[in-house]
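Enquirer: Data file structure.cif (mmCIF, C-alpha atoms) is appended below.
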```cif
data_input
loop_
_atom_site.label_atom_id
_atom_site.label_comp_id
_atom_site.auth_asym_id
_atom_site.auth_seq_id
_atom_site.Cartn_x
_atom_site.Cartn_y
_atom_site.Cartn_z
CA MET A 1 33.04 23.29 57.25
CA PRO A 2 34.21 19.68 57.56
CA HIS A 3 35.86 18.07 54.58
CA LEU A 4 33.76 15.56 52.76
CA SER A 5 36.25 12.87 52.01
CA ARG A 6 35.80 10.70 48.99
CA ALA A 7 38.81 8.48 48.75
CA SER A 8 39.58 6.65 45.59
CA PHE A 9 41.54 3.60 46.51
CA PHE A 10 43.30 1.50 43.97
CA THR A 11 43.17 -2.17 43.43
CA SER A 12 46.28 -4.08 42.80
CA ARG A 13 46.66 -7.61 41.73
CA LYS A 14 50.09 -9.10 41.95
CA HIS A 15 50.53 -12.59 40.65
CA LYS A 16 54.03 -13.94 41.13
CA PRO A 17 55.02 -16.99 39.10
CA SER A 18 54.33 -20.26 40.88
CA SER A 19 58.03 -20.98 41.36
CA THR A 20 58.28 -18.40 44.14
CA LYS A 21 55.34 -20.04 46.00
CA MET A 22 53.89 -16.70 46.95
CA ALA A 23 50.17 -16.35 47.44
CA THR A 24 48.22 -14.05 45.20
CA LEU A 25 47.69 -10.67 46.69
CA THR A 26 44.50 -8.89 45.85
CA MET A 27 43.60 -5.59 47.31
CA SER A 28 40.09 -4.46 46.65
CA ARG A 29 38.81 -1.64 48.74
CA PRO A 30 35.45 0.06 48.77
CA ALA A 31 36.21 2.69 46.19
CA VAL A 32 33.02 4.56 47.06
CA ALA A 33 31.73 5.52 50.45
CA GLY A 34 28.02 5.07 51.14
CA PHE A 35 26.07 1.84 50.89
CA SER A 36 28.22 -1.25 50.63
CA PHE A 37 26.80 -4.36 48.97
CA GLU A 38 29.55 -6.72 50.08
CA ASN A 39 27.40 -8.83 52.35
CA CYS A 40 24.31 -9.15 50.14
CA ARG A 41 25.14 -12.61 48.80
CA ARG A 42 26.09 -13.85 52.24
CA ASN A 43 22.83 -12.55 53.67
CA VAL A 44 20.77 -14.29 51.01
CA ILE A 45 22.56 -17.57 51.69
CA LEU A 46 22.17 -17.17 55.46
CA GLU A 47 18.48 -16.44 55.11
CA GLY A 48 18.05 -19.59 53.04
CA GLU A 49 19.88 -21.65 55.67
CA VAL A 50 17.90 -20.17 58.55
CA ASN A 51 14.61 -20.80 56.78
CA ASN A 52 15.61 -24.43 56.25
CA LEU A 53 16.07 -24.74 59.99
CA GLY A 54 12.62 -23.31 60.58
CA CYS A 55 13.55 -20.06 62.35
CA SER A 56 13.37 -16.63 60.86
CA LEU A 57 15.68 -13.65 60.89
CA PRO A 58 14.69 -10.67 63.06
CA ALA A 59 12.41 -8.24 61.27
CA ALA A 60 13.16 -4.56 60.89
CA ARG A 61 11.20 -2.30 63.16
CA LYS A 62 8.37 -0.75 61.17
CA THR A 63 6.16 2.06 62.27
CA GLY A 64 2.96 0.43 60.84
CA THR A 65 1.25 3.68 61.32
CA THR A 66 -1.45 6.16 60.80
CA ILE A 67 -0.15 9.57 59.74
CA CYS A 68 -2.12 12.34 58.13
CA GLY A 69 -2.11 16.02 57.37
CA VAL A 70 -4.62 18.69 56.49
CA VAL A 71 -4.30 22.23 55.13
CA PHE A 72 -6.45 24.75 56.94
CA LYS A 73 -6.95 28.48 56.60
CA ASP A 74 -3.67 29.72 58.07
CA GLY A 75 -1.42 26.68 57.84
CA VAL A 76 -1.04 22.94 58.13
CA VAL A 77 -1.96 20.40 60.82
CA LEU A 78 0.04 17.15 60.89
CA GLY A 79 -1.01 14.20 63.02
CA ALA A 80 0.48 10.80 63.86
CA ASP A 81 -0.07 7.90 66.24
CA THR A 82 2.79 6.70 68.44
CA ARG A 83 3.13 2.92 68.07
CA ALA A 84 6.20 1.23 66.56
CA THR A 85 5.90 -2.49 65.78
CA GLU A 86 8.52 -5.17 65.18
CA GLY A 87 6.69 -8.01 63.44
CA MET A 88 3.74 -8.80 65.68
CA VAL A 89 5.09 -7.15 68.81
CA VAL A 90 4.85 -3.49 69.84
CA ALA A 91 8.43 -2.25 70.00
CA ASP A 92 7.80 1.28 71.21
CA LYS A 93 4.59 2.46 72.85
CA ASN A 94 5.39 6.13 72.54
CA CYS A 95 7.62 6.86 69.61
CA SER A 96 7.70 10.23 67.94
CA LYS A 97 6.81 10.07 64.26
CA ILE A 98 6.70 13.77 63.47
CA HIS A 99 10.23 14.78 62.53
CA TYR A 100 11.74 18.23 62.33
CA ILE A 101 12.94 19.29 58.89
CA SER A 102 13.28 23.04 59.30
CA PRO A 103 11.69 25.66 61.59
CA ASN A 104 8.72 25.94 59.26
CA ILE A 105 8.56 22.40 57.85
CA TYR A 106 7.78 19.12 59.63
CA CYS A 107 7.48 15.62 58.25
CA CYS A 108 5.58 12.54 59.47
CA GLY A 109 7.14 9.19 58.62
CA ALA A 110 5.63 5.73 58.07
CA GLY A 111 7.39 2.55 57.02
CA THR A 112 10.72 1.29 58.34
CA ALA A 113 11.51 3.40 61.41
CA ALA A 114 15.26 3.74 60.78
CA ASP A 115 14.71 4.71 57.14
CA THR A 116 12.27 7.50 57.98
CA GLU A 117 14.50 8.76 60.80
CA MET A 118 17.71 8.85 58.76
CA THR A 119 16.09 10.19 55.60
CA THR A 120 14.42 13.07 57.40
CA GLN A 121 17.63 13.90 59.26
CA ILE A 122 19.69 13.94 56.08
CA ILE A 123 17.15 16.10 54.28
CA SER A 124 16.96 18.41 57.28
CA SER A 125 20.75 18.89 57.18
CA ASN A 126 20.69 19.46 53.44
CA LEU A 127 17.91 22.02 53.75
CA GLU A 128 19.80 23.84 56.47
CA LEU A 129 22.92 24.04 54.29
CA HIS A 130 20.80 25.14 51.36
CA SER A 131 19.02 27.86 53.33
CA LEU A 132 22.33 29.13 54.70
CA SER A 133 23.60 29.36 51.16
CA THR A 134 20.50 31.13 49.78
CA GLY A 135 19.90 33.21 52.91
CA ARG A 136 16.15 32.53 52.86
CA LEU A 137 13.63 30.41 54.75
CA PRO A 138 13.45 27.03 52.98
CA ARG A 139 10.40 26.15 50.91
CA VAL A 140 8.33 23.00 51.26
CA ALA A 141 8.73 22.31 47.53
CA THR A 142 12.51 22.19 47.98
CA ALA A 143 12.23 19.61 50.74
CA ASN A 144 9.79 17.64 48.59
CA ARG A 145 12.13 17.68 45.60
CA MET A 146 15.13 16.60 47.68
CA LEU A 147 13.19 13.75 49.28
CA LYS A 148 11.76 12.43 46.02
CA GLN A 149 15.11 12.49 44.25
CA MET A 150 16.77 10.60 47.08
CA LEU A 151 14.01 7.99 47.36
CA PHE A 152 13.95 7.44 43.59
CA ARG A 153 17.71 6.97 43.54
CA TYR A 154 17.32 3.98 45.87
CA GLN A 155 14.38 2.55 43.89
CA GLY A 156 12.12 1.96 46.88
CA TYR A 157 14.67 0.01 48.93
CA ILE A 158 14.52 2.80 51.49
CA GLY A 159 11.08 2.11 52.97
CA ALA A 160 10.00 5.59 53.95
CA ALA A 161 6.48 6.87 53.26
CA LEU A 162 6.27 10.49 54.33
CA VAL A 163 3.75 13.25 54.84
CA LEU A 164 5.55 16.56 54.46
CA GLY A 165 3.89 19.79 55.51
CA GLY A 166 4.91 23.36 56.17
CA VAL A 167 4.30 27.04 55.64
CA ASP A 168 6.65 29.13 53.51
CA CYS A 169 6.53 32.40 51.61
CA ASN A 170 3.94 30.98 49.21
CA GLY A 171 1.54 29.80 51.88
CA PRO A 172 0.80 26.40 53.45
CA HIS A 173 1.72 23.25 51.50
CA LEU A 174 1.16 19.54 52.10
CA TYR A 175 2.83 16.69 50.18
CA SER A 176 2.70 12.92 50.46
CA ILE A 177 5.83 11.05 49.37
CA TYR A 178 5.86 7.32 48.59
CA PRO A 179 8.89 5.01 49.06
CA HIS A 180 9.58 4.75 45.34
CA GLY A 181 9.76 8.51 44.93
CA SER A 182 6.35 9.64 43.66
CA THR A 183 4.76 12.63 45.36
CA ASP A 184 1.32 14.18 45.53
CA LYS A 185 0.44 17.72 46.48
CA LEU A 186 -3.00 17.68 48.07
CA PRO A 187 -5.10 19.52 50.67
CA TYR A 188 -5.42 16.39 52.85
CA VAL A 189 -3.32 13.21 52.84
CA THR A 190 -2.99 10.04 54.88
CA MET A 191 -0.26 7.37 54.86
CA GLY A 192 0.56 4.17 56.66
CA SER A 193 -1.34 0.99 57.44
CA GLY A 194 -4.21 2.95 59.00
CA SER A 195 -4.42 5.35 56.09
CA LEU A 196 -7.73 3.98 54.81
CA ALA A 197 -9.45 4.46 58.17
CA ALA A 198 -8.09 8.00 58.46
CA MET A 199 -8.95 8.83 54.86
CA ALA A 200 -12.55 7.74 55.49
CA VAL A 201 -12.82 10.40 58.21
CA PHE A 202 -11.24 13.03 55.97
CA GLU A 203 -13.46 12.27 53.00
CA ASP A 204 -16.49 12.62 55.21
CA ARG A 205 -15.69 15.84 57.04
CA TYR A 206 -13.10 17.83 55.12
CA LYS A 207 -14.07 21.30 53.86
CA PRO A 208 -11.72 23.92 52.42
CA ASP A 209 -10.70 26.84 54.68
CA LEU A 210 -11.15 25.18 58.06
CA GLU A 211 -10.46 27.00 61.31
CA GLU A 212 -7.54 25.85 63.47
CA GLU A 213 -9.67 24.15 66.14
CA GLU A 214 -11.82 22.37 63.55
CA ALA A 215 -8.72 21.18 61.72
CA LYS A 216 -7.15 19.87 64.94
CA ARG A 217 -10.35 18.03 65.81
CA LEU A 218 -10.54 16.55 62.32
CA VAL A 219 -6.96 15.29 62.41
CA ARG A 220 -7.42 13.93 65.93
CA ASP A 221 -10.49 12.00 64.82
CA ALA A 222 -8.76 10.67 61.73
CA ILE A 223 -5.81 9.36 63.75
CA ALA A 224 -8.20 7.93 66.35
CA ALA A 225 -10.00 6.05 63.56
CA GLY A 226 -6.63 4.61 62.50
CA ILE A 227 -5.71 3.71 66.10
CA PHE A 228 -8.95 1.88 66.85
CA ASN A 229 -9.38 0.11 63.51
CA ASP A 230 -5.80 -0.83 62.60
CA LEU A 231 -3.57 -3.17 64.56
CA GLY A 232 -0.40 -1.46 63.45
CA SER A 233 -1.37 1.88 65.02
CA GLY A 234 -2.01 2.65 68.66
CA SER A 235 -1.21 4.57 71.84
CA ASN A 236 -1.34 8.35 71.75
CA ILE A 237 -2.08 10.99 69.15
CA ASP A 238 0.58 13.59 68.39
CA LEU A 239 -0.31 16.81 66.59
CA THR A 240 1.77 19.54 65.04
CA VAL A 241 0.17 22.82 64.00
CA ILE A 242 2.34 24.89 61.65
CA THR A 243 1.34 28.46 60.88
CA LYS A 244 3.30 31.38 59.50
CA GLY A 245 5.90 32.13 62.15
CA ASN A 246 4.70 29.63 64.76
CA VAL A 247 4.82 25.88 65.31
CA ASP A 248 2.88 24.02 68.02
CA TYR A 249 4.36 20.59 68.62
CA ILE A 250 1.68 18.98 70.78
CA ARG A 251 2.92 15.67 72.12
CA PRO A 252 0.72 14.04 73.26
CA HIS A 253 -2.42 15.74 72.15
CA ASP A 254 -4.65 12.91 73.22
CA GLU A 255 -3.96 9.68 75.06
CA ALA A 256 -6.42 7.47 73.23
CA ASN A 257 -5.09 4.24 74.71
CA LYS A 258 -4.20 4.70 78.34
CA LYS A 259 -2.44 1.76 79.96
CA GLY A 260 -4.71 0.65 82.80
CA VAL A 261 -3.87 1.04 86.48
CA ARG A 262 -4.25 -1.99 88.71
CA LEU A 263 -6.84 -1.20 91.39
CA ASN A 264 -7.67 -2.96 94.58
CA GLU A 265 -11.44 -3.07 94.12
CA LEU A 266 -12.66 -3.18 97.71
CA GLU A 267 -10.42 -0.47 99.03
CA ALA A 268 -10.22 1.46 95.69
CA LEU A 269 -6.55 2.19 96.30
CA GLN A 270 -3.95 2.31 93.52
CA LEU A 271 -1.74 -0.66 94.18
CA THR A 272 0.37 -0.69 91.07
CA GLY A 273 2.58 -3.70 91.14
CA ASP A 274 1.52 -4.71 94.62
CA TYR A 275 0.87 -8.39 94.95
CA LYS A 276 0.00 -8.44 98.61
CA TYR A 277 -3.17 -10.33 99.40
CA LYS A 278 -5.65 -9.05 101.97
CA ARG A 279 -5.77 -10.65 105.36
CA GLY A 280 -8.37 -13.41 105.41
CA THR A 281 -7.72 -14.55 101.82
CA THR A 282 -6.40 -17.76 103.25
CA ALA A 283 -8.51 -19.14 106.12
CA VAL A 284 -6.73 -19.16 109.50
CA LEU A 285 -7.03 -22.42 111.45
CA SER A 286 -5.11 -21.56 114.64
CA LYS A 287 -2.80 -18.81 115.87
CA CYS A 288 0.10 -19.09 118.34
CA VAL A 289 2.34 -16.10 119.29
CA THR A 290 5.73 -16.74 120.99
CA PRO A 291 7.66 -13.63 122.10
CA LEU A 292 11.44 -13.91 121.59
CA ASP A 293 13.43 -12.33 124.51
CA LEU A 294 16.69 -10.91 123.30
CA GLU A 295 19.50 -9.64 125.56
CA VAL A 296 21.36 -6.56 124.43
CA VAL A 297 25.04 -7.65 124.65
CA GLU A 298 26.89 -4.81 123.02
CA GLU A 299 25.81 -1.47 121.59
CA SER A 300 28.17 0.56 119.49
CA ILE A 301 27.71 3.61 117.28
CA GLN A 302 29.67 4.13 114.11
CA THR A 303 29.63 7.68 112.78
CA MET A 304 29.07 8.08 109.08
CA ASP A 305 31.75 9.88 107.11
CA THR A 306 29.72 12.74 105.69
CA SER A 307 32.67 14.92 104.68
CA ILE B 1 34.55 -1.08 27.38
CA ARG B 2 34.65 -3.37 30.35
CA GLY B 3 32.44 -6.37 30.85
CA LEU B 4 29.70 -6.54 33.44
CA ARG B 5 31.74 -8.28 36.08
CA SER B 6 34.64 -5.91 35.90
CA GLN B 7 32.22 -3.06 36.25
CA LEU B 8 31.09 -4.59 39.52
CA LYS B 9 34.45 -5.32 41.09
CA ASP B 10 37.33 -2.96 41.22
CA SER B 11 39.84 -5.41 39.83
CA VAL B 12 40.08 -6.62 36.26
CA PRO B 13 39.70 -10.40 36.48
CA VAL B 14 42.18 -12.86 35.07
CA ALA B 15 39.92 -15.69 34.02
CA GLY B 16 40.24 -18.95 35.94
CA LEU B 17 43.54 -18.18 37.61
CA CYS B 18 42.89 -16.66 40.98
CA PRO B 19 39.68 -16.81 42.99
CA GLN B 20 38.70 -13.75 44.95
CA GLY B 21 39.59 -13.57 48.60
CA ALA B 22 42.77 -13.54 50.58
CA TYR B 23 45.55 -16.02 49.89
CA GLY B 24 43.89 -17.18 46.69
CA VAL B 25 41.37 -19.33 48.53
CA GLN B 26 37.65 -18.93 47.89
CA ASP B 27 36.10 -16.86 50.63
CA SER B 28 33.10 -19.12 51.25
CA LEU B 29 31.81 -17.29 54.28
CA ARG B 30 31.49 -13.92 52.60
CA SER B 31 30.85 -14.63 48.97
CA GLY B 32 29.29 -18.08 49.03
CA PHE B 33 30.18 -20.97 46.80
CA THR B 34 31.64 -20.29 43.38
CA SER B 35 29.27 -20.23 40.51
CA VAL B 36 29.33 -18.49 37.18
CA LYS B 37 26.09 -16.71 38.02
CA ASN B 38 27.60 -15.25 41.20
CA GLU B 39 30.41 -13.70 39.27
CA LEU B 40 28.38 -12.34 36.40
CA LEU B 41 25.35 -10.85 38.08
CA PRO B 42 25.37 -8.06 40.65
CA SER B 43 24.57 -9.13 44.22
CA HIS B 44 21.97 -6.39 44.62
CA PRO B 45 19.86 -4.57 42.03
CA LEU B 46 21.21 -1.24 43.22
CA GLU B 47 24.87 -2.23 43.07
CA LEU B 48 25.61 -1.12 39.52
CA SER B 49 23.50 1.98 39.63
CA GLU B 50 25.10 3.12 42.88
CA LYS B 51 28.59 2.45 41.60
CA ASN B 52 28.04 4.64 38.58
CA PHE B 53 25.82 7.21 40.24
CA GLN B 54 28.31 10.05 40.46
CA LEU B 55 29.46 9.44 36.91
CA ASN B 56 25.92 9.46 35.58
CA GLN B 57 25.06 12.61 37.51
CA ASP B 58 28.07 14.36 36.02
CA LYS B 59 27.18 13.22 32.50
CA MET B 60 23.61 14.43 32.94
CA ASN B 61 24.74 17.82 34.25
CA PHE B 62 27.24 18.27 31.46
CA SER B 63 24.67 17.37 28.86
CA THR B 64 22.17 19.87 30.28
CA LEU B 65 24.88 22.51 30.44
CA ARG B 66 25.80 21.87 26.84
CA ASN B 67 22.20 22.27 25.75
CA ILE B 68 21.78 25.52 27.64
CA GLN B 69 25.08 27.28 27.27
CA GLY B 70 26.80 25.64 24.36
CA LEU B 71 29.76 23.31 24.04
CA HIS B 72 32.32 25.56 25.70
CA ALA B 73 30.72 25.35 29.16
CA PRO B 74 31.11 21.58 29.74
CA LEU B 75 34.54 21.62 28.09
CA LYS B 76 35.86 24.27 30.45
CA LEU B 77 34.30 22.56 33.45
CA GLN B 78 35.73 19.18 32.49
CA MET B 79 39.15 20.73 32.24
CA GLU B 80 38.78 22.08 35.76
CA TYR B 81 37.53 18.70 37.02
CA ARG B 82 40.55 17.00 35.50
CA ALA B 83 42.87 19.46 37.20
CA ALA B 84 41.12 19.10 40.56
CA ARG B 85 41.16 15.32 40.36
CA GLN B 86 44.92 15.35 40.22
CA ILE B 87 45.22 16.88 43.68
CA GLN B 88 45.49 13.70 45.70
CA ARG B 89 47.47 12.36 48.59
CA LEU B 90 49.45 9.13 48.36
CA PRO B 91 47.34 6.22 47.07
CA PHE B 92 46.86 4.44 50.36
CA LEU B 93 45.83 7.57 52.28
CA PRO B 94 42.35 9.12 52.10
CA SER B 95 42.19 12.36 50.13
CA SER B 96 39.72 15.06 50.96
CA ASN B 97 39.05 15.98 47.31
CA LEU B 98 38.04 19.45 48.49
CA ALA B 99 38.55 21.19 45.15
CA LEU B 100 36.58 18.52 43.32
CA ASP B 101 33.74 18.73 45.86
CA THR B 102 33.58 22.49 45.56
CA LEU B 103 33.40 22.31 41.78
CA ARG B 104 30.65 19.72 41.92
CA GLY B 105 28.73 21.62 44.55
CA SER B 106 28.74 18.65 46.89
CA ASP B 107 30.42 20.69 49.63
CA GLU B 108 26.92 21.98 50.41
CA CYS B 109 25.22 18.59 50.39
CA ILE B 110 25.24 15.72 52.82
CA GLY B 111 24.20 12.22 51.85
CA PHE B 112 24.65 8.58 52.77
CA GLU B 113 28.15 8.62 51.32
CA ASP B 114 29.22 11.00 54.10
CA VAL B 115 27.64 8.98 56.87
CA LEU B 116 28.06 5.33 55.92
CA CYS B 117 31.24 3.44 55.16
CA ASP B 118 33.59 6.41 55.54
CA PRO B 119 36.87 5.43 53.84
CA GLY B 120 38.77 7.54 56.36
CA GLN B 121 37.56 5.17 59.07
CA SER B 122 38.00 1.86 57.31
CA GLU B 123 39.64 -0.87 59.36
CA VAL B 124 41.97 -2.05 56.64
CA MET B 125 44.58 -0.05 54.83
CA GLY B 126 46.14 -0.79 51.53
CA GLU B 127 49.68 -2.11 51.31
CA PRO B 128 51.58 1.18 50.96
CA HIS B 129 54.44 -0.15 48.81
CA MET B 130 52.25 -2.08 46.43
CA MET B 131 49.80 0.74 45.97
CA VAL B 132 52.49 3.26 45.19
CA GLU B 133 54.13 0.79 42.80
CA TYR B 134 50.82 0.23 41.09
CA LYS B 135 50.21 3.93 40.75
CA LEU B 136 53.66 4.55 39.30
CA GLY B 137 53.21 1.63 36.94
CA LEU B 138 56.14 -0.33 38.37
CA LEU B 139 54.02 -3.35 39.28
#
```
Write the structure described by the file as structure tokens, please.
Expert:
Amino acid sequence: MPHLSRASFFTSRKHKPSSTKMATLTMSRPAVAGFSFENCRRNVILEGEVNNLGCSLPAARKTGTTICGVVFKDGVVLGADTRATEGMVVADKNCSKIHYISPNIYCCGAGTAADTEMTTQIISSNLELHSLSTGRLPRVATANRMLKQMLFRYQGYIGAALVLGGVDCNGPHLYSIYPHGSTDKLPYVTMGSGSLAAMAVFEDRYKPDLEEEEAKRLVRDAIAAGIFNDLGSGSNIDLTVITKGNVDYIRPHDEANKKGVRLNELEALQLTGDYKYKRGTTAVLSKCVTPLDLEVVEESIQTMDTS
Amino acid sequence: IRGLRSQLKDSVPVAGLCPQGAYGVQDSLRSGFTSVKNELLPSHPLELSEKNFQLNQDKMNFSTLRNIQGLHAPLKLQMEYRAARQIQRLPFLPSSNLALDTLRGSDECIGFEDVLCDPGQSEVMGEPHMMVEYKLGLL
């Protein structure tokens, strides 16, 4: 097991009397590993300066998302769209928002993409260590507790809104976790910018004890509602069906927004990226063909070195 | 009981004599222009709470342990912590603190402090002579 090193450096301040003309030596080191706040003041000042000039600093890539989950008879279905935005531009047309936590637990993430990615990876590692130490399959409540304690510690500065679902020894469970650390345990949850559209579909059609196919259709429709009614969500629909002993990671389940193929209408051929115009587009006034006679002066063959 | 500013920085300030930064000159690029507010308030709301996080966790755990098992439990544990904390390498080298981690139970956890800003990989090293002198109290 690798050592976890926590160094405790010392600070020393040596002030020689001014007669020796020696500069003051200060040694301050980051005494703690982890987040370092050294550049916060500088960043605030830089942001102020940049705003005075009229530009703006690059925005963090958000997932501006629709994610949802539903508990059905034998397990949990999680669904997510696949668009990642960076301000007003789509940064990733097919990103994967359903993250692995443990063989029986998966987590969808909305909010800042890096935060959800790193948080779920750290919790996944912690759960693995924990399950190795207990010798049992991890429980969804454990993952929930770990996530909420970490997010509360950082007071919402880690922008990760998560939908956590899985099946353990006590049955299927579904939690929604907000960036400040509050959690809800519910039979159906939605998160992200398209959560209202998806929740509308759930509120209309959810019944307890759904069958697997019904649940998949319900989640697919909820995510589709988010994709078509919210600008921050788009592209494909990913589904994950978790049951006791089996996980179906269906990516993509449905390509709701297919990128069009450029067709040549008259000939109905697929000419993707072909900018050749048909003959006759430009009118021909006159045509004159001059054959060029070339004499073969020298012909030589060079063998290729295929050794 | 240290004031707010000295809780933020690692050094105990000598008022008015030496500005922070190398060679005694104000480091305008990194810490901005001098102002009293800059030196009194933390630069980020999480700065103080993160600095004291491990300490507060330990206090909370000891207090719970005292309520459950009685006074002897935290006393014995604190004695072991004190012993484990003394196992260190030279001041300017990173120590693994393995015994301390095992006692705390953090050898089975991974967090941002293991991923970000690893002191073992920092680009600057302390001045070996000065740090040893400081530790031995010869400074």
Enquirer: With all atoms listed in the file as the basis for distance, which of B:Val132, B:Leu65, B:Cys117, B:Leu138 is at the shortest distance from chain A?
Expert: B:Cys117
Enquirer: List the residues matched by the PyMOL selection byres ((chain A and resi 224) around 10) in the displayed structure as a PyMOL selection string, ordered by chain and then by residue number.
Expert: chain A and resi 66+80-81+194+197-198+201+218-223+225-230+233-237+254-257
Enquirer: Name the residues in contact with A:Gly245 at a cut-off of 12 Å, using only C-alpha atoms, excluding same-chain residues fewer than 2 positions from it; report them as a list in words.
Expert: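 Listing them by chain and then by number gives Asp74, Gly75, Pro103, Asn104, Ile105, Leu137, Gly166, Val167, Asp168, Cys169, Gly171, Pro172, Val241, Ile242, Thr243, Val247 and Asp248 of chain A.
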Enquirer: I need the output of the PyMOL selection byres ((chain B and resi 92-95) around 6) for this file as an MDAnalysis selection string; which residues are they?
Expert: (chainID A and resid 7) or (chainID B and resid 88:91 96:97 120 126 128)
Enquirer: Can you find the residues with an atom no farther than 8 Å from (14.8, 15.4, 56.6), counting all atoms listed in the file, and report them as number ranges by chain?
Expert: A: 99-101, 107, 117-127, 143, 147
Enquirer: Could the residues in this selection be written to a file with C-alpha atoms, as a short mmCIF file (atom, residue, chain, number, x, y, z; two decimals), keeping the file's coordinate frame?
Expert:
```cif
data_model
loop_
_atom_site.label_atom_id
_atom_site.label_comp_id
_atom_site.auth_asym_id
_atom_site.auth_seq_id
_atom_site.Cartn_x
_atom_site.Cartn_y
_atom_site.Cartn_z
CA HIS A 99 10.23 14.78 62.53
CA TYR A 100 11.74 18.23 62.33
CA ILE A 101 12.94 19.29 58.89
CA CYS A 107 7.48 15.62 58.25
CA GLU A 117 14.50 8.76 60.80
CA MET A 118 17.71 8.85 58.76
CA THR A 119 16.09 10.19 55.60
CA THR A 120 14.42 13.07 57.40
CA GLN A 121 17.63 13.90 59.26
CA ILE A 122 19.69 13.94 56.08
CA ILE A 123 17.15 16.10 54.28
CA SER A 124 16.96 18.41 57.28
CA SER A 125 20.75 18.89 57.18
CA ASN A 126 20.69 19.46 53.44
CA LEU A 127 17.91 22.02 53.75
CA ALA A 143 12.23 19.61 50.74
CA LEU A 147 13.19 13.75 49.28
#
```
Enquirer: Can you measure atom CA of A:Val70 to atom CA of A:Ile177 for me? One decimal in Å is fine.
Expert: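 According to the coordinates, atom CA of A:Val70 and atom CA of A:Ile177 are separated by 14.8 Å.
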Enquirer: Kindly indicate which residue among B:Arg66, B:Lys76, B:Lys135, B:Arg82 lies nearest to chain A, using all atoms listed in the file for the distances.
Expert: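 Selected residue with least distance to chain A: B:Lys135.
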Enquirer: Exactly which residues make up the result of the PyMOL selection byres ((chain A and resi 157) around 10) on this file, given as a PDB file with C-alpha atoms, keeping the file's coordinate frame?
Expert:
```pdb
ATOM      1  CA  ASP A 115      14.710   4.710  57.140  1.00  0.00           C
ATOM      2  CA  LEU A 151      14.010   7.990  47.360  1.00  0.00           C
ATOM      3  CA  PHE A 152      13.950   7.440  43.590  1.00  0.00           C
ATOM      4  CA  ARG A 153      17.710   6.970  43.540  1.00  0.00           C
ATOM      5  CA  TYR A 154      17.320   3.980  45.870  1.00  0.00           C
ATOM      6  CA  GLN A 155      14.380   2.550  43.890  1.00  0.00           C
ATOM      7  CA  GLY A 156      12.120   1.960  46.880  1.00  0.00           C
ATOM      8  CA  ILE A 158      14.520   2.800  51.490  1.00  0.00           C
ATOM      9  CA  GLY A 159      11.080   2.110  52.970  1.00  0.00           C
ATOM     10  CA  ALA A 160      10.000   5.590  53.950  1.00  0.00           C
ATOM     11  CA  PRO A 179       8.890   5.010  49.060  1.00  0.00           C
ATOM     12  CA  HIS A 180       9.580   4.750  45.340  1.00  0.00           C
TER      13      HIS A 180
ATOM     14  CA  PRO B  45      19.860  -4.570  42.030  1.00  0.00           C
ATOM     15  CA  LEU B  46      21.210  -1.240  43.220  1.00  0.00           C
TER      16      LEU B  46
END
```
Enquirer: With only C-alpha atoms as the atoms that count, which of A:Leu78, A:Val289, A:Val71, A:Leu129 lies nearest to chain B?
Expert: A:Leu129
Enquirer: Take atom CA of A:Gly64 and atom CA of A:Asp238 and report the distance between them in Å, one decimal.
Expert: 15.4 Å
Enquirer: Which is closer to chain A than all the others in B:Glu133, B:Glu127, B:Glu47, B:Glu113, using all atoms listed in the file?
Expert: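 Of B:Glu133, B:Glu127, B:Glu47, B:Glu113, the one nearest chain A is B:Glu113, counting all atoms listed in the file.
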Enquirer: Report the distance between atom CA of A:Tyr175 and atom CA of A:Asn144 in Å, rounded to one decimal place.
Expert: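 Pair atom CA of A:Tyr175 / atom CA of A:Asn144 returns 7.2 Å.
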